[in-house]
Amino acid sequence: MSAPLDELQRPHETPEVTVPSHLASVGQTSPTSAPTPAPSSSARRPVAVVAEGDIYDAALVALVEGCGYDATLVEPAQLSALRNPALLIVRSAGVLNLVRRAPRLRNVQTVFVGDGLVGRDQIRISPRAHGAETALEQALATVVGPPAQSSAAAPANRVRVTEREREILKTYTLGATLRETSHIHRIAESTVREHYRRVVRRYEEAGRPIGNKAQLLVEFMADGWVRP
């Protein structure tokens, strides 16, 4: 199984994205062909996130929705019956093999958010690379089209965080370890812990308990503090 989303970024690494050859020229002007207009948001099919059975399933769905796209979580057993999603996102080689064996999904573009070698027909995003969430946003825009323009209302019990708290905890919740977070922001590990505890306490007081940093990432996205 590939690394979960809590390994999304590490310092001093460049996002590693492998793009199929037929997508490599996206964004370049062609003198012989005009770009195909993206479908309207009302007609757009959802992005299918194939479940791995952990908390990061919900985090990845929230990340896709935070980019402005509809997302749906699909169990591996449902792949054979899945029809015509806009894009598939998988996180492990085992699930990728299931996707490849599903006849209805042969023409559906797949994004592999994981480590290791995959086929040339998949877009691969290294979850350990700094800026992986931006690479995912670019992949979505390339395959699906521009995101829908929407302004979803934040929860009524939205928790306020300071800009410094947001910066530090965004780094931490997107996958950096305590040591890496402290190194990136040039603070002590104990300071990172204190920021985490302070913000988690606010969410608990708002009736939104946090069990781990992946859940904090989901709540940050719901409140609009973290956007890809």
# chains A, B, ... in the order shown; residues from 1 in each chain; ligands from 1

call {"tool": "select_by_dssp", "arguments": {"residues": "stretch 47-86 of chain A", "states": "strand (DSSP E)", "output": "PyMOL selection string"}}
result
chain A and resi 47-50+71-74

call {"tool": "residues_around", "arguments": {"residues": "stretch 193-200 of chain A", "least_positions_apart": "2", "cutoff": "12 Å", "atoms": "only C-alpha atoms", "output": "PyMOL selection string"}}
result
chain A and resi 158-173+177-179+181-182+187-191+202-217+219-220

call {"tool": "closest_residue", "arguments": {"among": "A:Val49, A:Ala62, A:Leu88, A:Ile123", "to": "A:Ala135", "atoms": "only C-alpha atoms"}}
result
A:Ile123

call {"tool": "select_by_dssp", "arguments": {"residues": "stretch 104-155 of chain A", "states": "helix (DSSP H, G or I)", "output": "list of chain:residue names"}}
result
A:Arg104, A:Leu105, A:Ala132, A:Glu133, A:Thr134, A:Ala135, A:Leu136, A:Glu137, A:Gln138, A:Ala139, A:Leu140, A:Ala141, A:Thr142, A:Val143

call {"tool": "write_last_selection", "arguments": {"atoms": "N, CA and C atoms", "output": "PDB file, in the first residue's frame"}}
result
ATOM      1  N   ARG A 104     -14.713  -1.282 -17.995  1.00  0.00           N
ATOM      2  CA  ARG A 104     -15.381   0.004 -18.168  1.00  0.00           C
ATOM      3  C   ARG A 104     -14.466   1.185 -17.866  1.00  0.00           C
ATOM      4  N   LEU A 105     -13.331   0.926 -17.238  1.00  0.00           N
ATOM      5  CA  LEU A 105     -12.454   2.021 -16.809  1.00  0.00           C
ATOM      6  C   LEU A 105     -11.206   2.139 -17.677  1.00  0.00           C
ATOM      7  N   ALA A 132       2.783  18.594  -3.246  1.00  0.00           N
ATOM      8  CA  ALA A 132       2.012  17.543  -3.912  1.00  0.00           C
ATOM      9  C   ALA A 132       0.566  17.948  -4.106  1.00  0.00           C
ATOM     10  N   GLU A 133       0.012  18.743  -3.165  1.00  0.00           N
ATOM     11  CA  GLU A 133      -1.379  19.156  -3.320  1.00  0.00           C
ATOM     12  C   GLU A 133      -1.559  20.069  -4.527  1.00  0.00           C
ATOM     13  N   THR A 134      -0.544  20.884  -4.825  1.00  0.00           N
ATOM     14  CA  THR A 134      -0.601  21.730  -6.018  1.00  0.00           C
ATOM     15  C   THR A 134      -0.511  20.886  -7.279  1.00  0.00           C
ATOM     16  N   ALA A 135       0.332  19.842  -7.232  1.00  0.00           N
ATOM     17  CA  ALA A 135       0.430  18.941  -8.379  1.00  0.00           C
ATOM     18  C   ALA A 135      -0.896  18.239  -8.636  1.00  0.00           C
ATOM     19  N   LEU A 136      -1.610  17.875  -7.566  1.00  0.00           N
ATOM     20  CA  LEU A 136      -2.921  17.251  -7.732  1.00  0.00           C
ATOM     21  C   LEU A 136      -3.905  18.240  -8.352  1.00  0.00           C
ATOM     22  N   GLU A 137      -3.879  19.468  -7.899  1.00  0.00           N
ATOM     23  CA  GLU A 137      -4.758  20.499  -8.459  1.00  0.00           C
ATOM     24  C   GLU A 137      -4.494  20.675  -9.950  1.00  0.00           C
ATOM     25  N   GLN A 138      -3.219  20.669 -10.344  1.00  0.00           N
ATOM     26  CA  GLN A 138      -2.871  20.818 -11.758  1.00  0.00           C
ATOM     27  C   GLN A 138      -3.348  19.619 -12.573  1.00  0.00           C
ATOM     28  N   ALA A 139      -3.233  18.416 -11.995  1.00  0.00           N
ATOM     29  CA  ALA A 139      -3.699  17.220 -12.697  1.00  0.00           C
ATOM     30  C   ALA A 139      -5.204  17.264 -12.906  1.00  0.00           C
ATOM     31  N   LEU A 140      -5.936  17.701 -11.886  1.00  0.00           N
ATOM     32  CA  LEU A 140      -7.389  17.817 -12.005  1.00  0.00           C
ATOM     33  C   LEU A 140      -7.764  18.815 -13.096  1.00  0.00           C
ATOM     34  N   ALA A 141      -7.104  19.960 -13.111  1.00  0.00           N
ATOM     35  CA  ALA A 141      -7.406  20.979 -14.116  1.00  0.00           C
ATOM     36  C   ALA A 141      -7.060  20.491 -15.516  1.00  0.00           C
ATOM     37  N   THR A 142      -5.968  19.723 -15.637  1.00  0.00           N
ATOM     38  CA  THR A 142      -5.544  19.219 -16.940  1.00  0.00           C
ATOM     39  C   THR A 142      -6.546  18.222 -17.508  1.00  0.00           C
ATOM     40  N   VAL A 143      -7.011  17.305 -16.667  1.00  0.00           N
ATOM     41  CA  VAL A 143      -7.878  16.223 -17.138  1.00  0.00           C
ATOM     42  C   VAL A 143      -9.346  16.625 -17.148  1.00  0.00           C
TER      43      VAL A 143
END

call {"tool": "residues_around", "arguments": {"residues": "A:Ile89", "least_positions_apart": "4", "cutoff": "9 Å", "atoms": "only C-alpha atoms", "output": "list in words"}}
result
Val47, Ala48, Val49, Val50, Gln109, Thr110, Val111, Phe112 and Val113 of chain A

call {"tool": "closest_residue", "arguments": {"among": "A:Leu60, A:Leu87, A:Cys67, A:Ile55", "to": "A:Pro146", "atoms": "only C-alpha atoms"}}
result
A:Cys67

call {"tool": "closest_residue", "arguments": {"among": "A:Arg201, A:Asp115, A:Ala129, A:Pro46", "to": "A:Glu65", "atoms": "only C-alpha atoms"}}
result
A:Pro46
